[in-house]
file work-v2.cif (mmCIF, C-alpha atoms)
data_coords
#
loop_
_atom_site.label_atom_id
_atom_site.label_comp_id
_atom_site.auth_asym_id
_atom_site.auth_seq_id
_atom_site.Cartn_x
_atom_site.Cartn_y
_atom_site.Cartn_z
CA MET A 416 5.80 64.16 -16.74
CA LYS A 417 4.68 62.79 -20.09
CA PHE A 418 7.23 60.01 -19.83
CA SER A 419 6.11 59.30 -16.30
CA LYS A 420 2.44 58.95 -17.31
CA LEU A 421 3.34 56.58 -20.14
CA SER A 422 5.44 54.54 -17.78
CA LYS A 423 2.53 54.29 -15.36
CA LEU A 424 0.16 53.31 -18.16
CA GLY A 425 2.65 50.70 -19.38
CA ALA A 426 3.04 49.31 -15.91
CA LEU A 427 -0.73 49.10 -15.50
CA ALA A 428 -1.04 47.34 -18.86
CA LEU A 429 1.62 44.83 -17.90
CA ALA A 430 -0.03 44.23 -14.55
CA PHE A 431 -3.40 43.69 -16.24
CA ALA A 432 -1.86 41.29 -18.75
CA ALA A 433 -0.12 39.37 -16.00
CA THR A 434 -3.39 39.11 -14.05
CA ALA A 435 -5.25 37.93 -17.13
CA CYS A 436 -2.61 35.30 -17.89
CA SER A 437 -2.69 34.16 -14.28
CA SER A 438 -6.48 33.84 -14.44
CA VAL A 439 -6.33 31.79 -17.64
CA SER A 440 -3.59 29.51 -16.37
CA SER A 441 -5.54 28.75 -13.20
CA GLU A 442 -8.52 27.43 -15.18
CA PHE A 443 -9.04 23.68 -15.54
CA ASP A 444 -7.34 22.59 -18.78
CA THR A 445 -9.73 20.16 -20.46
CA SER A 446 -7.10 19.11 -22.99
CA LYS A 447 -5.16 17.29 -20.26
CA ALA A 448 -5.24 13.50 -20.02
CA ILE A 449 -7.55 11.91 -17.46
CA LYS A 450 -5.41 10.32 -14.73
CA LEU A 451 -7.08 7.14 -13.48
CA TYR A 452 -6.75 5.80 -9.94
CA SER A 453 -8.15 2.61 -8.43
CA ARG A 454 -7.93 0.56 -5.26
CA GLU A 455 -5.82 -2.59 -5.42
CA ALA A 456 -7.12 -6.01 -6.49
CA GLY A 457 -8.94 -7.65 -3.57
CA SER A 458 -10.36 -4.38 -2.24
CA GLY A 459 -14.04 -4.39 -1.34
CA THR A 460 -14.27 -0.73 -2.31
CA ARG A 461 -12.96 -1.59 -5.76
CA GLU A 462 -15.41 -4.44 -6.17
CA CYS A 463 -18.39 -2.26 -5.22
CA PHE A 464 -17.32 0.55 -7.55
CA PHE A 465 -16.73 -1.48 -10.70
CA GLU A 466 -19.71 -3.76 -10.11
CA GLY A 467 -21.83 -0.63 -9.58
CA ILE A 468 -20.79 1.07 -12.82
CA GLY A 469 -21.19 -2.11 -14.86
CA TYR A 470 -17.51 -2.77 -15.54
CA SER A 471 -17.15 -5.94 -13.49
CA ASP A 472 -14.33 -7.38 -15.63
CA VAL A 473 -11.81 -5.43 -13.56
CA LYS A 474 -13.44 -5.56 -10.13
CA ALA A 475 -11.08 -8.27 -8.89
CA GLU A 476 -8.10 -8.19 -11.25
CA ASP A 477 -6.05 -5.64 -13.19
CA LYS A 478 -7.48 -6.59 -16.59
CA TRP A 479 -7.36 -3.08 -18.01
CA GLU A 480 -7.84 -2.48 -21.71
CA SER A 481 -4.67 -2.31 -23.80
CA GLY A 482 -2.99 1.09 -23.47
CA VAL A 483 -4.96 2.09 -20.35
CA THR A 484 -2.87 3.06 -17.32
CA VAL A 485 -4.53 2.91 -13.91
CA SER A 486 -2.51 3.73 -10.80
CA SER A 487 -3.21 1.45 -7.84
CA ALA A 488 -3.72 2.59 -4.24
CA ALA A 489 -3.60 0.33 -1.19
CA SER A 490 -6.15 2.18 0.96
CA ASN A 491 -8.77 4.92 1.03
CA ALA A 492 -6.15 7.27 2.41
CA ASP A 493 -3.77 6.48 -0.44
CA ILE A 494 -6.29 6.95 -3.22
CA MET A 495 -7.49 10.25 -1.73
CA SER A 496 -3.90 11.43 -1.44
CA ASN A 497 -3.21 10.45 -5.06
CA VAL A 498 -6.29 12.15 -6.50
CA GLY A 499 -5.79 15.13 -4.20
CA GLY A 500 -2.28 15.56 -5.57
CA GLU A 501 -3.21 15.23 -9.24
CA GLU A 502 -5.34 18.03 -10.69
CA TYR A 503 -6.52 15.83 -13.58
CA GLY A 504 -7.14 12.69 -11.54
CA ILE A 505 -10.27 10.68 -10.86
CA GLY A 506 -10.86 7.80 -8.47
CA TYR A 507 -13.24 6.62 -5.77
CA CYS A 508 -13.31 6.07 -2.02
CA SER A 509 -15.55 5.29 0.93
CA LEU A 510 -18.16 7.95 1.79
CA ASP A 511 -16.98 8.32 5.38
CA SER A 512 -13.51 9.35 4.16
CA VAL A 513 -14.49 12.16 1.79
CA SER A 514 -15.13 14.99 4.23
CA SER A 515 -11.73 14.57 5.89
CA VAL A 516 -9.70 15.67 2.84
CA SER A 517 -10.00 19.17 1.38
CA THR A 518 -8.00 18.41 -1.78
CA ILE A 519 -10.67 16.12 -3.25
CA LYS A 520 -14.28 16.62 -4.31
CA ALA A 521 -17.11 14.08 -4.28
CA LEU A 522 -19.16 13.71 -7.46
CA LYS A 523 -22.86 13.05 -7.71
CA PHE A 524 -23.57 9.63 -9.24
CA GLU A 525 -26.44 9.34 -11.72
CA GLY A 526 -27.71 12.70 -10.48
CA VAL A 527 -27.80 11.70 -6.80
CA GLU A 528 -25.55 13.00 -4.04
CA ALA A 529 -23.87 10.44 -1.80
CA THR A 530 -25.46 11.00 1.62
CA LYS A 531 -26.55 8.69 4.40
CA GLU A 532 -30.18 9.58 3.71
CA ASN A 533 -29.89 8.75 0.01
CA VAL A 534 -28.18 5.44 0.76
CA LEU A 535 -30.93 4.42 3.18
CA ASN A 536 -33.78 5.50 0.89
CA GLY A 537 -32.21 3.58 -2.00
CA THR A 538 -31.67 6.46 -4.43
CA TYR A 539 -27.86 6.34 -4.23
CA LYS A 540 -26.80 3.10 -5.90
CA LEU A 541 -23.04 2.77 -5.28
CA LYS A 542 -23.28 1.13 -1.87
CA ARG A 543 -22.16 -2.03 -0.07
CA ASN A 544 -22.37 -3.77 3.30
CA PHE A 545 -19.67 -3.77 5.94
CA ASN A 546 -19.40 -7.41 7.07
CA TYR A 547 -17.58 -9.45 9.67
CA VAL A 548 -16.61 -13.10 10.13
CA LEU A 549 -15.32 -14.68 13.33
CA ARG A 550 -12.66 -17.33 13.75
CA ASN A 551 -13.92 -20.74 14.88
CA TYR A 552 -12.48 -21.25 18.37
CA ASP A 553 -13.26 -24.97 18.88
CA ASP A 554 -10.79 -25.60 21.68
CA ALA A 555 -12.03 -25.18 25.26
CA ALA A 556 -8.73 -23.46 26.07
CA ASP A 557 -9.72 -20.67 23.69
CA GLU A 558 -13.00 -19.86 25.44
CA SER A 559 -11.77 -16.42 26.51
CA LYS A 560 -10.75 -15.55 22.93
CA LYS A 561 -14.13 -16.68 21.66
CA GLU A 562 -15.88 -14.52 24.27
CA ALA A 563 -13.72 -11.50 23.43
CA CYS A 564 -14.65 -11.76 19.74
CA GLU A 565 -18.35 -12.44 20.29
CA GLY A 566 -18.52 -9.72 22.92
CA PHE A 567 -16.98 -7.17 20.58
CA ILE A 568 -19.51 -7.92 17.83
CA ASP A 569 -22.37 -7.88 20.35
CA PHE A 570 -21.20 -4.48 21.57
CA LEU A 571 -20.85 -3.16 18.02
CA THR A 572 -24.19 -4.36 16.70
CA ASN A 573 -26.56 -4.47 19.67
CA THR A 574 -25.72 -1.61 22.04
CA THR A 575 -26.50 2.08 21.89
CA GLU A 576 -22.81 2.82 22.49
CA GLY A 577 -21.70 0.60 19.61
CA GLN A 578 -24.28 1.94 17.18
CA THR A 579 -23.34 5.51 18.09
CA VAL A 580 -19.71 4.73 17.30
CA ILE A 581 -20.72 3.39 13.89
CA SER A 582 -22.90 6.36 12.96
CA THR A 583 -20.42 8.98 14.16
CA ASN A 584 -17.56 7.39 12.23
CA GLY A 585 -19.15 7.20 8.80
CA GLY A 586 -21.16 3.98 8.95
CA ILE A 587 -24.77 4.06 7.80
CA ILE A 588 -27.32 2.26 9.98
CA GLU A 589 -31.08 1.99 10.35
CA SER A 590 -32.74 3.35 13.49
CA ARG A 591 -33.54 0.57 15.98
CA SER A 592 -35.66 0.36 19.11
CA ASP A 593 -34.22 -2.92 20.44
CA LEU A 594 -30.76 -1.68 21.45
CA LYS A 595 -29.34 -2.32 24.90
CA SER A 596 -26.73 -0.46 26.91
CA PHE A 597 -23.24 -1.91 27.31
CA LYS A 598 -23.96 -2.59 31.01
CA ASP A 599 -26.82 -4.85 29.91
CA ILE A 600 -24.46 -7.17 28.01
CA GLU A 601 -21.20 -6.91 29.98
CA SER A 602 -22.03 -9.74 32.40
CA LYS A 603 -22.60 -12.16 29.49
CA TYR A 604 -18.87 -12.24 28.76
CA ALA A 605 -16.55 -13.32 31.58
CA ILE A 606 -13.54 -11.84 29.77
CA PHE A 607 -15.07 -8.37 30.16
CA THR A 608 -15.19 -8.59 33.96
CA SER A 609 -12.09 -10.71 34.73
CA ASN A 610 -8.49 -9.55 34.98
CA GLU A 611 -7.22 -11.98 32.33
CA GLN A 612 -4.63 -10.49 30.00
CA LEU A 613 -5.64 -11.07 26.39
CA ASN A 614 -5.20 -9.49 22.96
CA ILE A 615 -7.37 -10.17 19.91
CA ASP A 616 -6.09 -9.35 16.42
CA PHE A 617 -8.41 -8.06 13.70
CA CYS A 618 -7.76 -8.20 9.94
CA GLY A 619 -9.43 -7.34 6.63
CA SER A 620 -10.87 -4.20 5.08
CA THR A 621 -9.20 -0.82 5.45
CA SER A 622 -12.54 0.89 4.75
CA VAL A 623 -13.89 -0.19 8.14
CA GLU A 624 -10.77 0.93 10.01
CA ALA A 625 -12.11 4.23 11.37
CA ILE A 626 -15.24 2.57 12.73
CA ILE A 627 -13.45 -0.41 14.26
CA LYS A 628 -10.69 1.69 15.79
CA ALA A 629 -13.26 3.96 17.45
CA ALA A 630 -15.27 0.93 18.62
CA VAL A 631 -12.18 -0.62 20.20
CA GLU A 632 -11.42 2.62 22.03
CA LYS A 633 -14.99 2.90 23.30
CA LEU A 634 -15.32 -0.72 24.36
CA THR A 635 -11.99 -0.86 26.19
CA SER A 636 -12.94 2.31 28.05
CA LEU A 637 -16.14 0.61 29.27
CA VAL A 638 -15.04 -2.92 30.19
CA SER A 639 -13.92 -3.66 33.73
CA ASN A 640 -11.02 -5.78 32.43
CA LYS A 641 -8.33 -3.29 31.49
CA ASN A 642 -6.02 -6.15 30.44
CA LEU A 643 -8.19 -6.88 27.39
CA THR A 644 -6.94 -5.32 24.13
CA TYR A 645 -7.80 -5.49 20.44
CA THR A 646 -5.26 -4.80 17.68
CA LEU A 647 -6.11 -3.74 14.11
CA ASN A 648 -4.08 -5.19 11.22
CA GLN A 649 -6.21 -3.95 8.30
CA SER A 650 -4.83 -4.58 4.80
CA GLY A 651 -7.88 -5.25 2.61
CA SER A 652 -11.05 -7.34 2.41
CA GLY A 653 -9.16 -10.09 0.60
CA ASP A 654 -7.36 -10.95 3.84
CA ALA A 655 -10.47 -11.27 6.02
CA VAL A 656 -11.56 -14.89 5.52
CA ASN A 657 -8.06 -16.19 4.91
CA GLY A 658 -6.85 -14.35 8.01
CA ILE A 659 -9.23 -16.18 10.36
CA THR A 660 -8.91 -19.60 8.68
CA ALA A 661 -5.31 -19.96 7.47
CA GLY A 662 -3.69 -16.86 8.93
CA LYS A 663 -1.12 -14.48 7.51
CA ASN A 664 2.56 -14.07 8.32
CA GLY A 665 2.26 -16.73 10.99
CA LYS A 666 -0.66 -15.05 12.76
CA LEU A 667 -4.23 -16.31 13.00
CA PHE A 668 -6.78 -13.51 13.49
CA GLY A 669 -9.90 -13.38 15.64
CA ILE A 670 -12.22 -11.29 13.45
CA GLY A 671 -12.01 -10.49 9.74
CA PHE A 672 -13.83 -7.49 8.31
CA LEU A 673 -15.00 -7.09 4.71
CA SER A 674 -16.35 -4.08 2.84
CA ARG A 675 -18.04 -6.45 0.39
CA GLU A 676 -19.91 -9.75 0.49
CA ILE A 677 -18.12 -13.04 1.16
CA LYS A 678 -17.29 -14.79 -2.12
CA ALA A 679 -18.14 -18.42 -2.90
CA ASP A 680 -14.53 -19.59 -2.72
CA GLU A 681 -14.14 -17.82 0.63
CA SER A 682 -17.39 -19.26 1.97
CA ALA A 683 -16.07 -22.74 1.15
CA LYS A 684 -13.31 -22.18 3.72
CA LEU A 685 -15.82 -21.44 6.48
CA THR A 686 -17.99 -23.71 8.60
CA ASP A 687 -21.31 -23.15 10.35
CA GLU A 688 -19.25 -22.32 13.45
CA ASN A 689 -17.82 -19.19 11.84
CA THR A 690 -20.25 -16.49 12.98
CA ARG A 691 -20.74 -13.88 10.29
CA GLY A 692 -22.98 -10.90 9.54
CA SER A 693 -23.28 -7.23 8.59
CA PHE A 694 -22.91 -4.24 10.86
CA ALA A 695 -23.30 -1.17 8.62
CA ILE A 696 -23.84 0.12 5.09
CA ASP A 697 -21.36 2.30 3.22
CA ALA A 698 -21.36 4.25 -0.02
CA VAL A 699 -18.54 4.38 -2.55
CA VAL A 700 -18.07 7.84 -4.01
CA PRO A 701 -16.39 8.90 -7.27
CA ILE A 702 -13.88 11.67 -6.52
CA VAL A 703 -11.85 14.23 -8.47
CA ASN A 704 -9.27 16.80 -7.48
CA ALA A 705 -10.75 19.86 -5.75
CA LYS A 706 -9.30 22.09 -8.50
CA ASN A 707 -11.50 20.35 -11.05
CA THR A 708 -14.43 22.76 -10.90
CA SER A 709 -15.68 21.67 -14.33
CA TYR A 710 -16.85 18.18 -13.37
CA THR A 711 -19.43 17.91 -10.59
CA GLU A 712 -21.43 14.79 -11.39
CA THR A 713 -20.89 11.57 -13.28
CA THR A 714 -22.64 8.47 -14.57
CA ALA A 715 -21.88 4.77 -14.80
CA GLU A 716 -21.43 5.14 -18.56
CA GLU A 717 -18.95 8.01 -18.26
CA LEU A 718 -16.91 6.26 -15.58
CA THR A 719 -16.78 3.05 -17.58
CA LYS A 720 -15.62 4.90 -20.68
CA MET A 721 -12.89 6.64 -18.69
CA TYR A 722 -11.60 3.43 -17.14
CA LYS A 723 -11.79 1.63 -20.50
CA GLY A 724 -9.79 4.41 -22.13
CA GLU A 725 -12.57 5.50 -24.47
CA TYR A 726 -12.49 8.93 -22.85
CA LYS A 727 -8.83 9.88 -22.75
CA VAL A 728 -8.78 13.63 -22.04
CA TRP A 729 -11.16 15.72 -19.97
CA SER A 730 -12.74 17.39 -23.00
CA ASP A 731 -13.96 13.93 -24.10
CA VAL A 732 -16.30 13.70 -21.13
CA LEU A 733 -16.98 17.39 -20.48
CA SER A 734 -18.15 18.02 -24.05
CA LYS A 735 -20.87 15.38 -23.82
#
call {"tool": "encode", "arguments": {"input": "work-v2.cif", "output": "structure tokens"}}
result
Amino acid sequence: MKFSKLSKLGALALAFAATACSSVSSEFDTSKAIKLYSREAGSGTRECFFEGIGYSDVKAEDKWESGVTVSSAASNADIMSNVGGEEYGIGYCSLDSVSSVSTIKALKFEGVEATKENVLNGTYKLKRNFNYVLRNYDDAADESKKEACEGFIDFLTNTTEGQTVISTNGGIIESRSDLKSFKDIESKYAIFTSNEQLNIDFCGSTSVEAIIKAAVEKLTSLVSNKNLTYTLNQSGSGDAVNGITAGKNGKLFGIGFLSREIKADESAKLTDENTRGSFAIDAVVPIVNAKNTSYTETTAEELTKMYKGEYKVWSDVLSK
């Protein structure tokens, strides 16, 4: 019996030790290197983020400091997947994407949570416009294509149905009293009520993809012309203006979308006939892996020091 009691005590001690070790090993190890992730050059999300934290040298090009390694991601989905798969990672993405992934955690920026309310009241500073630019259809034979593009933007920006699509898919918009119903605008565009078969290709920002995809689905469910389709080819804001003016891979696009403002060199490619404007506001949110329970908010200074390599391991930032 004595031997049996000792054995039980030993087993309990081993179990306790194993539990303790397991608890320690599951804690966030602040001695680990900070793994940096960024969107690719040309991304509007990238431009907003680095401009917003005051590190604009790298907003358009991979001009990282010597010895700094930053992994590039081609879309919001990619960067969330990368950070979500790396316990010691940090990155950033569009606000509307954050809630869809449980493996990442949004950080407060300068003490303010990224919410639609805080973007609209101006307290959350990492924000940008979602913009569009239309191809110049100057040939009379392209009248239907011109109508299909103008009609889509009219639906998106001036109808209750379009504005509902934006707000329910992550876009941030002001309340308006001048909105019309889709039925009020349908007769303005012959392509909506004819039986003409037509497809319009979109290009540009991946950050707007959820909104535009939902808008296409809603509009095509409402129009009388069931032969009218819109196809998304989103690959980044850098392709928006070039896509509607010069084209890409032999294809000229009808509407280009940007999650940033049009640059001077891009504007030089456009004419007064290229209709352009904004349709929503978005926030860019710093994110870490969900297992990182130690870091809940950040600042422009801390983010800049991480991406410059001045903060190399997590204890560098967490000890401040």
call {"tool": "residues_near_point", "arguments": {"input": "work-v2.cif", "point": "(-12.5, -17.8, -5.0)", "cutoff": "12 Å", "atoms": "all atoms listed in the file", "output": "PyMOL selection string"}}
result
chain A and resi 457+475+653+656-657+677-684
call {"tool": "residues_around", "arguments": {"input": "work-v2.cif", "residues": "Val623 of chain A", "least_positions_apart": "5", "cutoff": "8 Å", "atoms": "all atoms listed in the file", "output": "list in words"}}
result
Phe545, Phe672, Leu673 and Ser674 of chain A
call {"tool": "atom_distance", "arguments": {"input": "work-v2.cif", "atom1": "atom CA of Lys663 of chain A", "atom2": "atom CA of Ile615 of chain A"}}
result
14.5 Å
call {"tool": "atom_distance", "arguments": {"input": "work-v2.cif", "atom1": "atom CA of Ser639 of chain A", "atom2": "atom CA of Ser602 of chain A"}}
result
10.2 Å
call {"tool": "closest_residue", "arguments": {"input": "work-v2.cif", "among": "A:Ala630, A:Ala556, A:Ile468, A:Ile702", "to": "Val513 of chain A", "atoms": "all atoms listed in the file"}}
result
A:Ile702
call {"tool": "residues_near_point", "arguments": {"input": "work-v2.cif", "point": "(-32.9, 2.3, 17.3)", "cutoff": "10 Å", "atoms": "only C-alpha atoms", "output": "VMD selection string"}}
result
chain A and resid 573 to 575 578 588 to 595
call {"tool": "residues_around", "arguments": {"input": "work-v2.cif", "residues": "segment 720-727 of chain A", "least_positions_apart": "3", "cutoff": "12 Å", "atoms": "all atoms listed in the file", "output": "VMD selection string"}}
result
chain A and resid 445 to 453 464 to 465 468 to 474 477 to 486 503 to 507 713 to 717 730 to 735
call {"tool": "closest_residue", "arguments": {"input": "work-v2.cif", "among": "A:Thr579, A:Glu558, A:Glu502, A:Arg675", "to": "Glu442 of chain A", "atoms": "only C-alpha atoms"}}
result
A:Glu502
call {"tool": "resolve_selection", "arguments": {"input": "work-v2.cif", "expression": "the PyMOL selection byres ((chain A and resi 644) around 8)", "output": "ChimeraX atom specification"}}
result
/A:613-615,635,641-643,645-646
call {"tool": "atom_distance", "arguments": {"input": "work-v2.cif", "atom1": "atom CA of Gly499 of chain A", "atom2": "atom CA of Asn544 of chain A"}}
result
26.2 Å
call {"tool": "closest_residue", "arguments": {"input": "work-v2.cif", "among": "A:Glu466, A:Glu501, A:Glu476, A:Asp569", "to": "Tyr547 of chain A", "atoms": "only C-alpha atoms"}}
result
A:Asp569
call {"tool": "residues_around", "arguments": {"input": "work-v2.cif", "residues": "Val534 of chain A", "least_positions_apart": "2", "cutoff": "12 Å", "atoms": "only C-alpha atoms", "output": "PDB file with C-alpha atoms, keeping the file's coordinate frame"}}
result
ATOM      1  CA  LEU A 510     -18.160   7.950   1.790  1.00  0.00           C
ATOM      2  CA  PHE A 524     -23.570   9.630  -9.240  1.00  0.00           C
ATOM      3  CA  VAL A 527     -27.800  11.700  -6.800  1.00  0.00           C
ATOM      4  CA  GLU A 528     -25.550  13.000  -4.040  1.00  0.00           C
ATOM      5  CA  ALA A 529     -23.870  10.440  -1.800  1.00  0.00           C
ATOM      6  CA  THR A 530     -25.460  11.000   1.620  1.00  0.00           C
ATOM      7  CA  LYS A 531     -26.550   8.690   4.400  1.00  0.00           C
ATOM      8  CA  GLU A 532     -30.180   9.580   3.710  1.00  0.00           C
ATOM      9  CA  ASN A 536     -33.780   5.500   0.890  1.00  0.00           C
ATOM     10  CA  GLY A 537     -32.210   3.580  -2.000  1.00  0.00           C
ATOM     11  CA  THR A 538     -31.670   6.460  -4.430  1.00  0.00           C
ATOM     12  CA  TYR A 539     -27.860   6.340  -4.230  1.00  0.00           C
ATOM     13  CA  LYS A 540     -26.800   3.100  -5.900  1.00  0.00           C
ATOM     14  CA  LEU A 541     -23.040   2.770  -5.280  1.00  0.00           C
ATOM     15  CA  LYS A 542     -23.280   1.130  -1.870  1.00  0.00           C
ATOM     16  CA  ARG A 543     -22.160  -2.030  -0.070  1.00  0.00           C
ATOM     17  CA  ASN A 544     -22.370  -3.770   3.300  1.00  0.00           C
ATOM     18  CA  GLY A 586     -21.160   3.980   8.950  1.00  0.00           C
ATOM     19  CA  ILE A 587     -24.770   4.060   7.800  1.00  0.00           C
ATOM     20  CA  ILE A 588     -27.320   2.260   9.980  1.00  0.00           C
ATOM     21  CA  GLU A 589     -31.080   1.990  10.350  1.00  0.00           C
ATOM     22  CA  ALA A 695     -23.300  -1.170   8.620  1.00  0.00           C
ATOM     23  CA  ILE A 696     -23.840   0.120   5.090  1.00  0.00           C
ATOM     24  CA  ASP A 697     -21.360   2.300   3.220  1.00  0.00           C
ATOM     25  CA  ALA A 698     -21.360   4.250  -0.020  1.00  0.00           C
ATOM     26  CA  VAL A 699     -18.540   4.380  -2.550  1.00  0.00           C
ATOM     27  CA  VAL A 700     -18.070   7.840  -4.010  1.00  0.00           C
TER      28      VAL A 700
END
call {"tool": "resolve_selection", "arguments": {"input": "work-v2.cif", "expression": "the PyMOL selection byres ((chain A and resi 561) around 12)", "output": "count of residues only"}}
result
32
call {"tool": "residues_around", "arguments": {"input": "work-v2.cif", "residues": "Glu712 of chain A", "least_positions_apart": "4", "cutoff": "7 Å", "atoms": "all atoms listed in the file", "output": "MDAnalysis selection string"}}
result
chainID A and resid 522:524 526
call {"tool": "closest_residue", "arguments": {"input": "work-v2.cif", "among": "A:Gly585, A:Gly692, A:Gly658, A:Pro701", "to": "Cys618 of chain A", "atoms": "all atoms listed in the file"}}
result
A:Gly658
call {"tool": "closest_residue", "arguments": {"input": "work-v2.cif", "among": "A:Asn584, A:Asp599, A:Ala489, A:Asn640", "to": "Glu611 of chain A", "atoms": "all atoms listed in the file"}}
result
A:Asn640
call {"tool": "closest_residue", "arguments": {"input": "work-v2.cif", "among": "A:Asp687, A:Asp654, A:Glu632, A:Glu525", "to": "Thr711 of chain A", "atoms": "all atoms listed in the file"}}
result
A:Glu525
